[in-house]
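Here's the structure we're looking at; comments come further down.
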Amino acid sequence: MDAPAHSPQPNRLQSLARGDKPQERLERLGASALGDTELLAMLLRSGTRGNDVLTLAARLLAEAGSLAALIAWNEADFRRLRGIGRVKALQLVTVMEVARRVAMEAPARASLGTAAEVFRHLMPVARGLAVEKFWVLCLNRKNRLLKRVEVSSGTAGSSLAHPREVFREAIREAASAVVCAHNHPSGDPSPSANDIAVTRLLRQAAETVQIPLLDHVIIGTPAADPSGAGYYSFREAGML
C-alpha cells in the first residue's frame with residue numbers, strides 16, 4: 001500500500017482574522033504590541049510556497065532558541081532554513097549587526113571601576129563574536145566612561161593592540177585612566193602568553209604617558225570559564 005501523501009501545512013497568515021496580521025497590528029498598535037514571531041515576520045516580509053512568513057519566522061525562532069541568539073548568526077546560519085536566500089540572509093545579518101551595536105551603547109557615564117562592571121558593559125557586543133576585538137575604555141577621574149574605542153579586530157597575537165594606538169585615544173579624550181579589554185571567541189578567558197606580553201607593554205606605556213591602566217579584562221563566557229566568572233582580570237590576578 002502506498003504511504004499517504006503529506007497534507008500541506010495550513011497557511012498561518014491567511015488563517016488570521018482581518019486586522020490580526022502583523023503589518024495591520026503594527027500600524028494599529030505599534031511595534032511593542034507584536035510578539036517575537038510577528039517582528040521577525042515583518043523583517044522576512046514573505047515566505048515560500050507551502051511555508052508562509054509566520055511559519056518561517058516561527059521556525060527561525062525555534063532554531064535559534066531566542067531573538068537574542070540570532071545576533072550571533074551569520075549568513076550561512078540563516079540560509080540553512082528553506083525560504084531564506086542570499087539577499088534575505090544578508091538583510092537579516094545587517095539587522096542583527098544593528099541590534100548588536102545598539103546593545104553596545106552604554107548608559108551615559110557608566111561606571112567601569114571594576115572588572116565585573118567592564119564584563120557587563122562589553123558582554124552585549126562580545127557575545128557570539130567569531131574574531132578577537134580589542135577595546136580601550138577611556139575613563140574620567142570617577143572611573144566613569146568617556147568613550148569606548150575599538151582599537152583592532154580579527155588579529156590574534158601581540159599585534160592585537162599596540163600601546164601607541166591605545167594611549168593615542170586616551171590622550172585624545174583627555175582620559176584620567178583607561179581600562180583595556182578584549183574577547184576570546186572560545187569563551188575561555190584564560191590569558192595566553194601573548195595576552196600577558198601585551199599587558200606588560202601596556203603597563204609600561206601607561207607609566208610613560210602617566211595615564212593609569214586600571215585593568216586589562218578578557219571577556220569570555222561563564223559556561224566556558226573554569227572559574228565560572230566569564231572574564232579574567234589582570235588586576236584581580238595581581239598582574240597590574
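Chain labels run A, B, ... following the order of the C-alpha cells; each chain numbers its residues from 1, and ligands are numbered from 1 in the order shown.
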
Review point. Could you pull the residues within 12 Å of A:Asp77, counting only C-alpha atoms, minus those fewer than 6 positions along the same chain, as a ChimeraX atom specification?
Key: /A:60,63-64,69-71,84-86,88-90,92-93

Residues within 6 Å of stretch 172-180 of chain A, only C-alpha atoms, excluding chain neighbours under 4 positions, as a JSON list (two decimals) with N, CA and C atoms, in the first residue's frame:
```json
[["chain", "number", "residue", "atom", "x", "y", "z"],
["A", 135, "TRP", "N", 39.34, 46.60, 22.85],
["A", 135, "TRP", "CA", 38.73, 47.90, 23.14],
["A", 135, "TRP", "C", 39.55, 48.64, 24.19],
["A", 136, "VAL", "N", 39.56, 49.95, 24.07],
["A", 136, "VAL", "CA", 40.09, 50.80, 25.15],
["A", 136, "VAL", "C", 38.93, 51.62, 25.68],
["A", 137, "LEU", "N", 38.78, 51.60, 26.98],
["A", 137, "LEU", "CA", 37.71, 52.33, 27.66],
["A", 137, "LEU", "C", 38.35, 53.54, 28.34],
["A", 138, "CYS", "N", 38.03, 54.71, 27.85],
["A", 138, "CYS", "CA", 38.59, 55.95, 28.39],
["A", 138, "CYS", "C", 37.70, 56.43, 29.53],
["A", 139, "LEU", "N", 38.29, 56.65, 30.70],
["A", 139, "LEU", "CA", 37.53, 56.97, 31.91],
["A", 139, "LEU", "C", 37.91, 58.35, 32.45],
["A", 140, "ASN", "N", 36.96, 58.95, 33.18],
["A", 140, "ASN", "CA", 37.26, 60.21, 33.86],
["A", 140, "ASN", "C", 37.79, 59.92, 35.27],
["A", 141, "ARG", "N", 37.92, 60.94, 36.09],
["A", 141, "ARG", "CA", 38.51, 60.76, 37.42],
["A", 141, "ARG", "C", 37.67, 59.90, 38.34],
["A", 211, "ILE", "N", 49.17, 57.91, 32.33],
["A", 211, "ILE", "CA", 47.73, 57.66, 32.34],
["A", 211, "ILE", "C", 47.54, 56.26, 32.91],
["A", 212, "PRO", "N", 46.99, 56.13, 34.11],
["A", 212, "PRO", "CA", 46.89, 54.82, 34.75],
["A", 212, "PRO", "C", 46.12, 53.79, 33.92],
["A", 213, "LEU", "N", 46.68, 52.60, 33.83],
["A", 213, "LEU", "CA", 45.98, 51.46, 33.24],
["A", 213, "LEU", "C", 45.34, 50.71, 34.40],
["A", 214, "LEU", "N", 44.04, 50.88, 34.59],
["A", 214, "LEU", "CA", 43.37, 50.29, 35.74],
["A", 214, "LEU", "C", 43.26, 48.78, 35.64],
["A", 215, "ASP", "N", 43.06, 48.28, 34.42],
["A", 215, "ASP", "CA", 42.88, 46.83, 34.28],
["A", 215, "ASP", "C", 42.96, 46.46, 32.80],
["A", 216, "HIS", "N", 43.20, 45.20, 32.57],
["A", 216, "HIS", "CA", 43.04, 44.59, 31.26],
["A", 216, "HIS", "C", 42.14, 43.39, 31.49]]
```

Exercise for review: Would you mind writing down, as a ChimeraX atom specification, each residue of stretch 18-186 of chain A that DSSP on the backbone assigns to strand (DSSP E)?
Suggested key: /A:133-139,145-153,177-183

Study note, to complete from the structure: Counting only C-alpha atoms, closest pick from A:Gly83, A:Gly113, A:Gly220, A:Gly154 relative to A:Arg235 is A:Gly113

Exercise for review: Name the residues in contact with A:Met239 at a cut-off of 12 Å, using only C-alpha atoms, excluding same-chain residues fewer than 4 positions from it; report them as an MDAnalysis selection string.
Suggested key: chainID A and resid 191 195:200 202:203 213:217 232:235

Review point. Excluding same-chain residues fewer than 4 positions from A:Leu39, what lies within 10 Å of it counting only C-alpha atoms, as a list in words?
Key: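 Residues near the query, excluding close chain neighbours: Pro22, Gln23, Leu26, Ala31, Ser32, Ala33, Leu34, Gly35, Leu43, Leu44, Arg45, Leu54, Ala57 and Leu67 of chain A.
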
Could the residues in this selection be saved with C-alpha atoms as a PDB file, in the first residue's frame?
```pdb
ATOM      1  CA  PRO A  22       1.425  41.527  11.716  1.00  0.00           C
ATOM      2  CA  GLN A  23       1.510  44.584   9.475  1.00  0.00           C
ATOM      3  CA  LEU A  26       1.912  47.136  13.677  1.00  0.00           C
ATOM      4  CA  ALA A  31       5.825  47.633  17.267  1.00  0.00           C
ATOM      5  CA  SER A  32       5.762  46.951  21.015  1.00  0.00           C
ATOM      6  CA  ALA A  33       2.460  45.086  20.617  1.00  0.00           C
ATOM      7  CA  LEU A  34       3.981  42.488  18.286  1.00  0.00           C
ATOM      8  CA  GLY A  35       5.370  39.197  19.521  1.00  0.00           C
ATOM      9  CA  LEU A  43      11.637  41.562   8.685  1.00  0.00           C
ATOM     10  CA  LEU A  44      11.261  38.496   6.470  1.00  0.00           C
ATOM     11  CA  ARG A  45       8.365  40.111   4.562  1.00  0.00           C
ATOM     12  CA  LEU A  54       4.733  33.446  10.050  1.00  0.00           C
ATOM     13  CA  ALA A  57       9.561  33.206  11.399  1.00  0.00           C
ATOM     14  CA  LEU A  67      15.755  36.585  19.419  1.00  0.00           C
TER      15      LEU A  67
END
```

Exercise for review: Grab the atom CA of A:Ala58 to atom CA of A:Arg100 distance for me, in Å with one decimal place.
Suggested key: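 It comes out at 21.4 Å.
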
Exercise for review: Quick one: pick out all helix (DSSP H, G or I) residues within stretch 30-192 of chain A from a backbone DSSP run and write them as a ChimeraX atom specification.
Suggested key: /A:31-33,36-44,53-64,68-72,75-79,86-104,115-126,158-160,163-172

Atoms kept (C-alpha atoms) for selection, written as a tab-separated table (two decimals), in the first residue's frame:
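See result.tsv below for the written result:
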```
chain	number	residue	atom	x	y	z
A	31	ALA	CA	5.82	47.63	17.27
A	32	SER	CA	5.76	46.95	21.02
A	33	ALA	CA	2.46	45.09	20.62
A	36	ASP	CA	8.82	37.93	18.57
A	37	THR	CA	7.46	35.81	15.72
A	38	GLU	CA	5.48	38.73	14.31
A	39	LEU	CA	8.50	41.04	14.46
A	40	LEU	CA	10.60	38.52	12.58
A	41	ALA	CA	7.81	38.05	10.06
A	42	MET	CA	7.90	41.80	9.37
A	43	LEU	CA	11.64	41.56	8.69
A	44	LEU	CA	11.26	38.50	6.47
A	53	VAL	CA	6.08	34.03	6.52
A	54	LEU	CA	4.73	33.45	10.05
A	55	THR	CA	5.65	29.76	9.90
A	56	LEU	CA	9.09	30.67	8.59
A	57	ALA	CA	9.56	33.21	11.40
A	58	ALA	CA	8.46	30.63	13.99
A	59	ARG	CA	10.94	28.10	12.59
A	60	LEU	CA	13.71	30.69	12.73
A	61	LEU	CA	13.00	31.38	16.40
A	62	ALA	CA	12.81	27.69	17.19
A	63	GLU	CA	16.17	27.02	15.53
A	64	ALA	CA	17.89	29.91	17.31
A	68	ALA	CA	18.96	37.36	21.32
A	69	ALA	CA	20.63	34.23	19.94
A	70	LEU	CA	20.07	35.45	16.38
A	71	ILE	CA	22.60	38.23	16.97
A	72	ALA	CA	25.37	35.66	16.68
A	75	GLU	CA	24.69	34.41	6.53
A	76	ALA	CA	25.21	30.64	6.35
A	77	ASP	CA	23.17	30.11	9.53
A	78	PHE	CA	20.18	31.95	8.10
A	79	ARG	CA	20.44	30.22	4.72
A	86	ARG	CA	21.21	35.06	-0.02
A	87	VAL	CA	19.62	38.52	-0.17
A	88	LYS	CA	17.24	37.88	2.71
A	89	ALA	CA	20.05	36.33	4.77
A	90	LEU	CA	22.26	39.39	4.24
A	91	GLN	CA	19.40	41.68	5.22
A	92	LEU	CA	18.92	39.72	8.44
A	93	VAL	CA	22.66	39.77	9.19
A	94	THR	CA	22.58	43.55	8.75
A	95	VAL	CA	19.62	43.96	11.11
A	96	MET	CA	21.30	41.77	13.73
A	97	GLU	CA	24.50	43.81	13.49
A	98	VAL	CA	22.48	46.99	14.04
A	99	ALA	CA	20.89	45.32	17.09
A	100	ARG	CA	24.33	44.34	18.37
A	101	ARG	CA	25.65	47.89	18.04
A	102	VAL	CA	22.60	49.37	19.75
A	103	ALA	CA	23.10	46.92	22.61
A	104	MET	CA	26.70	48.08	22.82
A	115	ALA	CA	36.26	44.06	36.15
A	116	ALA	CA	32.70	42.84	36.75
A	117	GLU	CA	31.32	46.19	35.52
A	118	VAL	CA	33.56	46.02	32.44
A	119	PHE	CA	32.34	42.48	31.76
A	120	ARG	CA	28.67	43.52	31.99
A	121	HIS	CA	29.35	46.51	29.76
A	122	LEU	CA	31.03	44.52	26.99
A	123	MET	CA	29.08	41.26	27.02
A	124	PRO	CA	26.36	42.52	24.62
A	125	VAL	CA	28.95	43.21	21.91
A	126	ALA	CA	31.33	40.35	22.68
A	158	SER	CA	50.70	40.60	20.34
A	159	SER	CA	49.81	42.86	17.42
A	160	LEU	CA	46.18	42.82	18.56
A	163	PRO	CA	50.25	50.73	23.10
A	164	ARG	CA	50.59	53.67	20.71
A	165	GLU	CA	47.00	53.16	19.46
A	166	VAL	CA	45.62	52.60	22.94
A	167	PHE	CA	47.09	55.71	24.52
A	168	ARG	CA	46.58	57.89	21.47
A	169	GLU	CA	42.85	57.50	22.07
A	170	ALA	CA	43.23	58.09	25.80
A	171	ILE	CA	45.17	61.32	25.22
A	172	ARG	CA	42.67	62.46	22.59
```

Exercise for review: Choose the residue, out of A:Gly128, A:Gly238, A:Pro226, A:Pro185, that has the smallest atom-to-atom separation from A:Trp73; count only C-alpha atoms.
Suggested key: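 Distance minimum relative to A:Trp73 lands on A:Gly128.
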
Practice item. Write out as an MDAnalysis selection string each polymer residue whose atoms come within 6 Å of A:Ile219, counting only C-alpha atoms; drop sequence neighbours fewer than 2 positions from it. Key: chainID A and resid 183 189 231

Restricting the output to C-alpha atoms, write the selected residues as a PDB file, in the first residue's frame.
```
ATOM      1  CA  ASN A 183      37.350  38.945  23.916  1.00  0.00           C
ATOM      2  CA  PRO A 189      39.014  33.964  29.206  1.00  0.00           C
ATOM      3  CA  TYR A 231      36.048  37.067  32.495  1.00  0.00           C
TER       4      TYR A 231
END
```

Review point. Nearest to A:His182 among A:Val209, A:Leu201, A:Leu145, A:Leu129, with distances taken over only C-alpha atoms: which residue is it?
Key: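 Counting only C-alpha atoms, the residue closest to A:His182 is A:Leu129.
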